[in-house]
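The structure file model-v8.json is reproduced below (JSON, C-alpha atoms).
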[["chain", "number", "residue", "atom", "x", "y", "z"],
["A", 1, "ALA", "CA", -45.59, -47.70, -45.75],
["A", 2, "VAL", "CA", -49.05, -49.20, -46.32],
["A", 3, "LEU", "CA", -49.29, -50.21, -42.66],
["A", 4, "VAL", "CA", -48.28, -46.75, -41.45],
["A", 5, "GLY", "CA", -50.65, -45.04, -43.86],
["A", 6, "GLY", "CA", -53.64, -47.17, -42.88],
["A", 7, "GLY", "CA", -57.04, -46.42, -44.39],
["A", 8, "PHE", "CA", -57.88, -47.61, -47.92],
["A", 9, "PRO", "CA", -54.31, -48.56, -48.92],
["A", 10, "PHE", "CA", -54.07, -50.92, -45.95],
["A", 11, "VAL", "CA", -57.56, -52.30, -46.64],
["A", 12, "ALA", "CA", -56.64, -52.81, -50.30],
["A", 13, "MET", "CA", -53.59, -54.84, -49.33],
["A", 14, "ILE", "CA", -55.56, -57.01, -46.87],
["A", 15, "SER", "CA", -58.34, -57.44, -49.46],
["A", 16, "LEU", "CA", -55.84, -58.65, -52.04],
["A", 17, "VAL", "CA", -54.47, -61.20, -49.58],
["A", 18, "ALA", "CA", -57.99, -62.30, -48.57],
["A", 19, "TYR", "CA", -59.09, -62.76, -52.20],
["A", 20, "GLN", "CA", -56.04, -64.81, -53.16],
["A", 21, "CYS", "CA", -56.28, -66.91, -50.01],
["A", 22, "ALA", "CA", -59.92, -67.65, -50.88],
["A", 23, "GLN", "CA", -58.85, -68.82, -54.33],
["A", 24, "GLU", "CA", -56.27, -71.13, -52.79],
["A", 25, "TYR", "CA", -58.68, -72.33, -50.11],
["A", 26, "PHE", "CA", -61.11, -73.51, -52.76],
["A", 27, "GLY", "CA", -58.19, -75.18, -54.48],
["A", 28, "PHE", "CA", -58.07, -77.34, -51.35],
["A", 29, "ILE", "CA", -61.84, -77.86, -51.25],
["A", 30, "THR", "CA", -62.02, -78.97, -54.88],
["A", 31, "SER", "CA", -59.02, -81.30, -54.62],
["A", 32, "LYS", "CA", -59.56, -85.03, -54.89],
["A", 33, "GLY", "CA", -58.60, -85.61, -51.28],
["A", 34, "ILE", "CA", -61.25, -83.31, -49.76],
["A", 35, "ALA", "CA", -63.88, -83.44, -52.52],
["A", 36, "LYS", "CA", -64.10, -87.24, -52.34],
["A", 37, "GLY", "CA", -67.67, -88.06, -51.36],
["A", 38, "MET", "CA", -68.68, -84.39, -51.35],
["A", 39, "LYS", "CA", -69.55, -82.23, -54.29],
["A", 40, "PRO", "CA", -67.60, -78.95, -53.84],
["A", 41, "PRO", "CA", -69.31, -75.56, -54.16],
["A", 42, "SER", "CA", -70.08, -74.49, -57.72],
["A", 43, "ALA", "CA", -67.88, -72.07, -59.64],
["A", 44, "LEU", "CA", -70.48, -69.33, -59.14],
["A", 45, "VAL", "CA", -70.51, -69.83, -55.37],
["A", 46, "THR", "CA", -66.72, -69.87, -55.27],
["A", 47, "ILE", "CA", -66.56, -66.56, -57.15],
["A", 48, "VAL", "CA", -69.17, -64.97, -54.86],
["A", 49, "ILE", "CA", -67.32, -66.13, -51.75],
["A", 50, "SER", "CA", -64.04, -64.73, -53.08],
["A", 51, "LEU", "CA", -65.76, -61.39, -53.71],
["A", 52, "CYS", "CA", -67.38, -61.54, -50.27],
["A", 53, "THR", "CA", -63.94, -61.73, -48.65],
["A", 54, "ILE", "CA", -63.15, -58.38, -50.26],
["A", 55, "GLY", "CA", -66.56, -57.06, -49.21],
["A", 56, "ILE", "CA", -65.95, -58.01, -45.57],
["A", 57, "CYS", "CA", -62.59, -56.20, -45.58],
["A", 58, "VAL", "CA", -63.96, -53.05, -47.21],
["A", 59, "GLY", "CA", -67.11, -53.23, -45.09],
["A", 60, "THR", "CA", -65.04, -53.40, -41.93],
["A", 61, "LEU", "CA", -63.51, -50.05, -42.80],
["A", 62, "LEU", "CA", -66.76, -48.43, -43.92],
["A", 63, "THR", "CA", -68.71, -49.64, -40.86],
["A", 64, "ASN", "CA", -65.99, -48.56, -38.44],
["A", 65, "GLY", "CA", -64.89, -52.07, -37.52],
["A", 66, "ARG", "CA", -68.14, -54.04, -37.56],
["A", 67, "SER", "CA", -66.60, -57.06, -39.25],
["A", 68, "GLY", "CA", -68.96, -59.47, -37.47],
["A", 69, "THR", "CA", -71.96, -57.85, -39.14],
["A", 70, "CYS", "CA", -70.20, -57.96, -42.51],
["A", 71, "LEU", "CA", -69.49, -61.67, -41.96],
["A", 72, "ALA", "CA", -73.14, -62.37, -41.16],
["A", 73, "VAL", "CA", -74.33, -60.58, -44.30],
["A", 74, "ALA", "CA", -71.80, -62.40, -46.47],
["A", 75, "ALA", "CA", -72.76, -65.76, -44.93],
["A", 76, "PHE", "CA", -76.44, -65.12, -45.63],
["A", 77, "VAL", "CA", -75.75, -64.23, -49.26],
["A", 78, "VAL", "CA", -73.65, -67.34, -49.83],
["A", 79, "ILE", "CA", -76.05, -69.73, -48.06],
["A", 80, "ALA", "CA", -79.03, -68.30, -49.96],
["A", 81, "LEU", "CA", -77.14, -68.63, -53.25],
["A", 82, "GLN", "CA", -76.17, -72.24, -52.55],
["A", 83, "LEU", "CA", -79.70, -73.20, -51.57],
["A", 84, "LEU", "CA", -81.06, -71.65, -54.75],
["A", 85, "THR", "CA", -78.45, -73.02, -57.17],
["A", 86, "SER", "CA", -77.95, -76.55, -55.77],
["A", 87, "ARG", "CA", -80.64, -79.17, -56.23],
["A", 88, "LYS", "CA", -79.83, -81.06, -53.05],
["A", 89, "PRO", "CA", -77.15, -79.17, -51.13],
["A", 90, "LYS", "CA", -75.25, -81.08, -48.46],
["A", 91, "PHE", "CA", -74.46, -79.65, -45.06],
["A", 92, "SER", "CA", -70.78, -80.30, -45.77],
["A", 93, "GLN", "CA", -71.01, -78.00, -48.80],
["A", 94, "LEU", "CA", -72.61, -75.23, -46.76],
["A", 95, "SER", "CA", -70.16, -75.58, -43.89],
["A", 96, "SER", "CA", -67.11, -75.53, -46.17],
["A", 97, "SER", "CA", -68.41, -72.32, -47.75],
["A", 98, "ILE", "CA", -69.10, -70.64, -44.41],
["A", 99, "PHE", "CA", -65.69, -71.65, -43.10],
["A", 100, "GLY", "CA", -64.13, -70.22, -46.27],
["A", 101, "ILE", "CA", -65.79, -66.85, -45.63],
["A", 102, "PHE", "CA", -64.70, -66.90, -42.00],
["A", 103, "TYR", "CA", -61.14, -68.08, -42.64],
["A", 104, "CYS", "CA", -60.36, -66.04, -45.75],
["A", 105, "GLY", "CA", -62.56, -63.01, -45.14],
["A", 106, "TYR", "CA", -63.34, -62.38, -41.50],
["A", 107, "LEU", "CA", -59.94, -63.29, -40.03],
["A", 108, "PRO", "CA", -57.95, -61.02, -42.39],
["A", 109, "ALA", "CA", -60.49, -58.25, -41.69],
["A", 110, "CYS", "CA", -59.53, -58.44, -38.00],
["A", 111, "TRP", "CA", -56.17, -56.93, -38.98],
["A", 112, "ILE", "CA", -58.14, -53.95, -40.29],
["A", 113, "LYS", "CA", -60.05, -53.71, -36.98],
["A", 114, "LEU", "CA", -56.75, -53.82, -35.12],
["A", 115, "ARG", "CA", -55.19, -51.13, -37.29],
["A", 116, "MET", "CA", -58.28, -48.94, -36.85],
["A", 117, "LEU", "CA", -57.94, -48.72, -33.05],
["A", 118, "LYS", "CA", -57.60, -44.99, -32.51],
["A", 119, "ILE", "CA", -56.38, -45.02, -28.91],
["A", 120, "PRO", "CA", -53.40, -42.60, -28.83],
["A", 121, "ALA", "CA", -50.10, -44.34, -28.11],
["A", 122, "VAL", "CA", -49.11, -41.53, -25.76],
["A", 123, "ASN", "CA", -46.15, -43.39, -24.27],
["A", 124, "SER", "CA", -44.64, -44.38, -27.59],
["A", 125, "VAL", "CA", -41.38, -42.79, -28.64],
["A", 126, "LEU", "CA", -42.77, -42.68, -32.18],
["A", 127, "ALA", "CA", -45.56, -40.33, -31.10],
["A", 128, "GLN", "CA", -43.06, -37.96, -29.52],
["A", 129, "HIS", "CA", -40.95, -37.69, -32.67],
["A", 130, "TRP", "CA", -43.46, -38.24, -35.47],
["A", 131, "PRO", "CA", -43.34, -35.41, -38.06],
["A", 132, "VAL", "CA", -46.29, -33.03, -38.18],
["A", 133, "ALA", "CA", -46.23, -33.31, -41.98],
["A", 134, "LEU", "CA", -47.14, -37.00, -41.63],
["A", 135, "GLY", "CA", -49.97, -36.44, -39.18],
["A", 136, "GLY", "CA", -48.15, -35.50, -36.00],
["A", 137, "PRO", "CA", -48.31, -37.39, -32.69],
["A", 138, "THR", "CA", -52.01, -38.21, -33.06],
["A", 139, "HIS", "CA", -51.25, -40.42, -36.06],
["A", 140, "ILE", "CA", -49.39, -42.85, -33.81],
["A", 141, "THR", "CA", -52.16, -44.94, -32.30],
["A", 142, "VAL", "CA", -52.19, -48.19, -30.35],
["A", 143, "GLY", "CA", -53.71, -49.75, -33.47],
["A", 144, "LEU", "CA", -50.72, -48.79, -35.60],
["A", 145, "VAL", "CA", -48.09, -49.80, -33.04],
["A", 146, "ALA", "CA", -49.83, -53.06, -32.10],
["A", 147, "THR", "CA", -50.20, -54.06, -35.76],
["A", 148, "PHE", "CA", -46.54, -53.29, -36.44],
["A", 149, "VAL", "CA", -45.31, -55.19, -33.37],
["A", 150, "ALA", "CA", -47.61, -58.14, -34.09],
["A", 151, "VAL", "CA", -46.26, -58.48, -37.64],
["A", 152, "LEU", "CA", -42.68, -58.37, -36.35],
["A", 153, "CYS", "CA", -43.46, -60.98, -33.69],
["A", 154, "VAL", "CA", -44.98, -63.36, -36.25],
["A", 155, "ILE", "CA", -41.91, -62.97, -38.46],
["A", 156, "ALA", "CA", -39.68, -63.59, -35.44],
["A", 157, "ALA", "CA", -41.71, -66.63, -34.36],
["A", 158, "ASP", "CA", -41.56, -68.21, -37.82],
["A", 159, "SER", "CA", -37.87, -67.43, -38.24],
["A", 160, "GLY", "CA", -36.94, -68.59, -34.74],
["A", 161, "ALA", "CA", -38.87, -71.84, -35.10],
["A", 162, "TYR", "CA", -37.20, -72.55, -38.45],
["A", 163, "LEU", "CA", -33.66, -71.71, -37.33],
["A", 164, "VAL", "CA", -33.77, -73.50, -33.98],
["A", 165, "GLY", "CA", -35.72, -76.43, -35.37],
["A", 166, "LYS", "CA", -33.28, -76.88, -38.25],
["A", 167, "THR", "CA", -30.18, -76.75, -36.05],
["A", 168, "MET", "CA", -31.37, -78.29, -32.77],
["A", 169, "GLY", "CA", -34.71, -79.97, -33.51],
["A", 170, "ARG", "CA", -34.96, -83.55, -32.26],
["A", 171, "THR", "CA", -38.37, -84.07, -30.64],
["A", 172, "LYS", "CA", -41.43, -84.17, -32.89],
["A", 173, "LEU", "CA", -44.03, -81.63, -31.80],
["A", 174, "ILE", "CA", -47.21, -83.02, -33.39],
["A", 175, "ASP", "CA", -48.24, -85.59, -35.99],
["A", 176, "ILE", "CA", -50.11, -83.00, -38.07],
["A", 177, "SER", "CA", -46.81, -81.50, -39.19],
["A", 178, "PRO", "CA", -43.97, -84.05, -38.80],
["A", 179, "LYS", "CA", -41.20, -81.52, -39.49],
["A", 180, "LYS", "CA", -42.13, -79.33, -36.52],
["A", 181, "THR", "CA", -40.19, -79.97, -33.34],
["A", 182, "VAL", "CA", -40.55, -79.05, -29.69],
["A", 183, "GLU", "CA", -37.16, -77.35, -29.81],
["A", 184, "GLY", "CA", -38.20, -75.31, -32.82],
["A", 185, "ALA", "CA", -41.44, -74.27, -31.14],
["A", 186, "LEU", "CA", -39.58, -73.13, -28.03],
["A", 187, "GLY", "CA", -37.15, -71.21, -30.21],
["A", 188, "GLY", "CA", -40.01, -69.51, -32.03],
["A", 189, "MET", "CA", -41.65, -68.54, -28.74],
["A", 190, "LEU", "CA", -38.42, -67.09, -27.35],
["A", 191, "PHE", "CA", -37.80, -65.14, -30.56],
["A", 192, "SER", "CA", -41.33, -63.75, -30.42],
["A", 193, "ILE", "CA", -41.01, -62.74, -26.75],
["A", 194, "GLY", "CA", -37.61, -61.19, -27.47],
["A", 195, "THR", "CA", -39.04, -59.15, -30.33],
["A", 196, "ALA", "CA", -41.95, -57.95, -28.19],
["A", 197, "ALA", "CA", -39.47, -56.96, -25.46],
["A", 198, "ALA", "CA", -37.23, -55.14, -27.96],
["A", 199, "MET", "CA", -40.21, -53.21, -29.33],
["A", 200, "GLY", "CA", -41.32, -52.46, -25.77],
["A", 201, "VAL", "CA", -37.95, -50.88, -25.04],
["A", 202, "LEU", "CA", -37.72, -49.03, -28.36],
["A", 203, "LEU", "CA", -41.34, -47.95, -28.80],
["A", 204, "GLN", "CA", -42.62, -48.12, -25.20],
["A", 205, "TRP", "CA", -45.29, -50.60, -26.37],
["A", 206, "PRO", "CA", -45.96, -53.22, -25.03],
["A", 207, "CYS", "CA", -45.66, -51.28, -21.81],
["A", 208, "SER", "CA", -44.31, -53.69, -19.19],
["A", 209, "PRO", "CA", -42.24, -56.89, -18.85],
["A", 210, "ILE", "CA", -45.41, -58.88, -18.18],
["A", 211, "SER", "CA", -46.97, -57.57, -21.37],
["A", 212, "TYR", "CA", -43.78, -58.38, -23.32],
["A", 213, "VAL", "CA", -44.14, -62.02, -22.37],
["A", 214, "ALA", "CA", -47.93, -62.12, -22.80],
["A", 215, "PHE", "CA", -47.84, -60.49, -26.22],
["A", 216, "GLY", "CA", -44.91, -62.58, -27.41],
["A", 217, "VAL", "CA", -46.50, -65.87, -26.31],
["A", 218, "LEU", "CA", -49.87, -64.90, -27.79],
["A", 219, "THR", "CA", -48.49, -64.06, -31.22],
["A", 220, "PHE", "CA", -46.34, -67.18, -31.21],
["A", 221, "MET", "CA", -49.32, -69.42, -30.39],
["A", 222, "CYS", "CA", -51.42, -67.78, -33.10],
["A", 223, "SER", "CA", -48.59, -68.21, -35.59],
["A", 224, "LEU", "CA", -48.11, -71.88, -34.66],
["A", 225, "PHE", "CA", -51.77, -72.88, -34.75],
["A", 226, "GLY", "CA", -52.40, -70.89, -37.92],
["A", 227, "ASP", "CA", -49.62, -72.88, -39.55],
["A", 228, "LEU", "CA", -51.00, -76.17, -38.21],
["A", 229, "MET", "CA", -54.49, -75.29, -39.44],
["A", 230, "GLU", "CA", -53.24, -74.98, -42.99],
["A", 231, "SER", "CA", -51.20, -78.17, -42.59],
["A", 232, "VAL", "CA", -54.44, -80.04, -41.86],
["A", 233, "MET", "CA", -56.03, -78.67, -45.04],
["A", 234, "LYS", "CA", -52.99, -79.49, -47.16],
["A", 235, "ARG", "CA", -52.79, -83.00, -45.73],
["A", 236, "ASP", "CA", -56.46, -83.74, -46.40],
["A", 237, "ALA", "CA", -56.19, -82.23, -49.88],
["A", 238, "GLY", "CA", -53.06, -84.24, -50.64],
["A", 239, "LEU", "CA", -51.20, -81.10, -51.70],
["A", 240, "LYS", "CA", -47.76, -79.86, -50.73],
["A", 241, "ASP", "CA", -48.49, -76.14, -51.28],
["A", 242, "SER", "CA", -51.63, -74.03, -51.48],
["A", 243, "GLY", "CA", -50.58, -72.65, -54.87],
["A", 244, "ASN", "CA", -47.69, -71.39, -56.96],
["A", 245, "VAL", "CA", -48.14, -67.62, -56.77],
["A", 246, "ILE", "CA", -44.70, -67.24, -55.17],
["A", 247, "PRO", "CA", -42.21, -69.40, -57.12],
["A", 248, "GLY", "CA", -40.26, -71.66, -54.79],
["A", 249, "HIS", "CA", -42.46, -70.79, -51.80],
["A", 250, "GLY", "CA", -45.93, -71.94, -52.83],
["A", 251, "GLY", "CA", -49.12, -69.92, -52.51],
["A", 252, "LEU", "CA", -50.01, -66.78, -50.63],
["A", 253, "LEU", "CA", -51.82, -68.85, -48.02],
["A", 254, "ASP", "CA", -48.55, -70.67, -47.33],
["A", 255, "ARG", "CA", -46.98, -67.31, -46.49],
["A", 256, "PHE", "CA", -49.89, -65.83, -44.54],
["A", 257, "ASP", "CA", -51.22, -68.84, -42.61],
["A", 258, "SER", "CA", -49.34, -67.68, -39.51],
["A", 259, "TYR", "CA", -51.13, -64.32, -39.66],
["A", 260, "MET", "CA", -54.69, -65.63, -39.99],
["A", 261, "PHE", "CA", -55.63, -65.89, -36.31],
["A", 262, "THR", "CA", -53.10, -63.36, -35.06],
["A", 263, "GLY", "CA", -55.02, -60.21, -35.99],
["A", 264, "ALA", "CA", -58.18, -61.33, -34.19],
["A", 265, "MET", "CA", -56.35, -62.50, -31.06],
["A", 266, "VAL", "CA", -54.14, -59.41, -30.83],
["A", 267, "TYR", "CA", -57.22, -57.20, -31.24],
["A", 268, "PHE", "CA", -58.92, -59.06, -28.38],
["A", 269, "TYR", "CA", -55.78, -58.76, -26.25],
["A", 270, "VAL", "CA", -55.32, -55.02, -26.89],
["A", 271, "LYS", "CA", -58.99, -54.14, -26.58],
["A", 272, "PHE", "CA", -60.00, -56.26, -23.59],
["A", 273, "ILE", "CA", -57.26, -58.30, -21.90],
["A", 274, "ALA", "CA", -54.51, -55.67, -21.52],
["A", 275, "PRO", "CA", -56.84, -52.94, -20.14],
["A", 276, "PHE", "CA", -58.58, -55.39, -17.77],
["A", 277, "PHE", "CA", -55.33, -56.59, -16.20],
["A", 278, "GLY", "CA", -53.64, -53.19, -16.48],
["A", 279, "ILE", "CA", -50.78, -54.45, -18.61]]

As structure tokens, the full file:
Amino acid sequence: AVLVGGGFPFVAMISLVAYQCAQEYFGFITSKGIAKGMKPPSALVTIVISLCTIGICVGTLLTNGRSGTCLAVAAFVVIALQLLTSRKPKFSQLSSSIFGIFYCGYLPACWIKLRMLKIPAVNSVLAQHWPVALGGPTHITVGLVATFVAVLCVIAADSGAYLVGKTMGRTKLIDISPKKTVEGALGGMLFSIGTAAAMGVLLQWPCSPISYVAFGVLTFMCSLFGDLMESVMKRDAGLKDSGNVIPGHGGLLDRFDSYMFTGAMVYFYVKFIAPFFGI
């Protein structure tokens, strides 16, 4: 419902995720494993960065998608604050703060940019049957459909990788995450492509068999590398989970790591790649 509605409700949801992910990110940064030999950012800087992640999300909506500008402003504020409040700041401190803003603020904001794409999804079955009371056909945009399909593909990729890896996994994929297998990765990719194809048939977006495959592979790769990125942080921090917000599942970052890069990459695909190649 929030995704379909868009606007401030959608931004509020993304902002909540971004804020909590920032809290958990700095849980990694302040852990003994990562903080060894490096003084982590102060509590004040951590609070400001967490608030900046919300500011980037809200700013993306208010500036009509200019998330890069919002990121630059937030980075300047945080760097200036660290230089003023730290006696001898280290480059590692500054870089960990900037990466925190990028990872927990800018990347989630790309989902807002994606959802804001106002190109009418004229070929979508949804547009042809969408009630006038809920906005009529013009409410169904490429941004809405692409966001919806991307979320489904990430869920399919994660589920497929888990199911196939658990039942058929034999070959280790990468040392970063020992439990991941080649078989599981292939299963996740096939599940993602299958979901994109199913949505293409049902919603008429993606629009062609080539785009089914391209979109499915793209979302799978983003899901996989987003997961591996968090695995690196957890390994260096010496932590099993990013938090305990979701009992039995860990932190919010553990649930949303697969989505981090997906919004940005899908936006780039929809905005530039698909139109350029006519798919």

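Residue nearest Leu163 of chain A, chosen from A:Leu186, A:Leu224, A:Ala264, A:Met13 and counting all atoms listed in the file: A:Leu186.
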
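Pairwise distance (atom CA of Ala74 of chain A, atom CA of Ile98 of chain A) equals 8.9 Å.
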
Got a sec: who's within 12 Å of Leu117 of chain A, counting all atoms listed in the file, leaving out chain neighbours fewer than 6 positions off, as a PDB file with C-alpha atoms, in the frame of the given file?
ATOM      1  CA  GLY A   6     -53.640 -47.170 -42.880  1.00  0.00           C
ATOM      2  CA  GLY A   7     -57.040 -46.420 -44.390  1.00  0.00           C
ATOM      3  CA  LEU A  61     -63.510 -50.050 -42.800  1.00  0.00           C
ATOM      4  CA  ASN A  64     -65.990 -48.560 -38.440  1.00  0.00           C
ATOM      5  CA  GLY A  65     -64.890 -52.070 -37.520  1.00  0.00           C
ATOM      6  CA  CYS A 110     -59.530 -58.440 -38.000  1.00  0.00           C
ATOM      7  CA  TRP A 111     -56.170 -56.930 -38.980  1.00  0.00           C
ATOM      8  CA  HIS A 139     -51.250 -40.420 -36.060  1.00  0.00           C
ATOM      9  CA  ILE A 140     -49.390 -42.850 -33.810  1.00  0.00           C
ATOM     10  CA  THR A 141     -52.160 -44.940 -32.300  1.00  0.00           C
ATOM     11  CA  VAL A 142     -52.190 -48.190 -30.350  1.00  0.00           C
ATOM     12  CA  GLY A 143     -53.710 -49.750 -33.470  1.00  0.00           C
ATOM     13  CA  LEU A 144     -50.720 -48.790 -35.600  1.00  0.00           C
ATOM     14  CA  VAL A 145     -48.090 -49.800 -33.040  1.00  0.00           C
ATOM     15  CA  ALA A 146     -49.830 -53.060 -32.100  1.00  0.00           C
ATOM     16  CA  THR A 147     -50.200 -54.060 -35.760  1.00  0.00           C
ATOM     17  CA  VAL A 266     -54.140 -59.410 -30.830  1.00  0.00           C
ATOM     18  CA  TYR A 267     -57.220 -57.200 -31.240  1.00  0.00           C
ATOM     19  CA  PHE A 268     -58.920 -59.060 -28.380  1.00  0.00           C
ATOM     20  CA  VAL A 270     -55.320 -55.020 -26.890  1.00  0.00           C
ATOM     21  CA  LYS A 271     -58.990 -54.140 -26.580  1.00  0.00           C
TER      22      LYS A 271
END

Find the distance between atom CA of Gln93 of chain A and atom CA of Gln23 of chain A and write it in Å to one decimal.
16.2 Å

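Here atom CA of Thr195 of chain A stands at a distance of 12.0 Å from atom CA of Asp158 of chain A.
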
Pick from A:Lys32, A:Lys172, A:Lys180, A:Arg66, whichever lies nearest to Ala109 of chain A using all atoms listed in the file
A:Arg66

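In this comparison, which uses only C-alpha atoms, the residue of A:Leu3, A:Val232, A:Val149, A:Met168 approaching Leu202 of chain A most closely is A:Val149.
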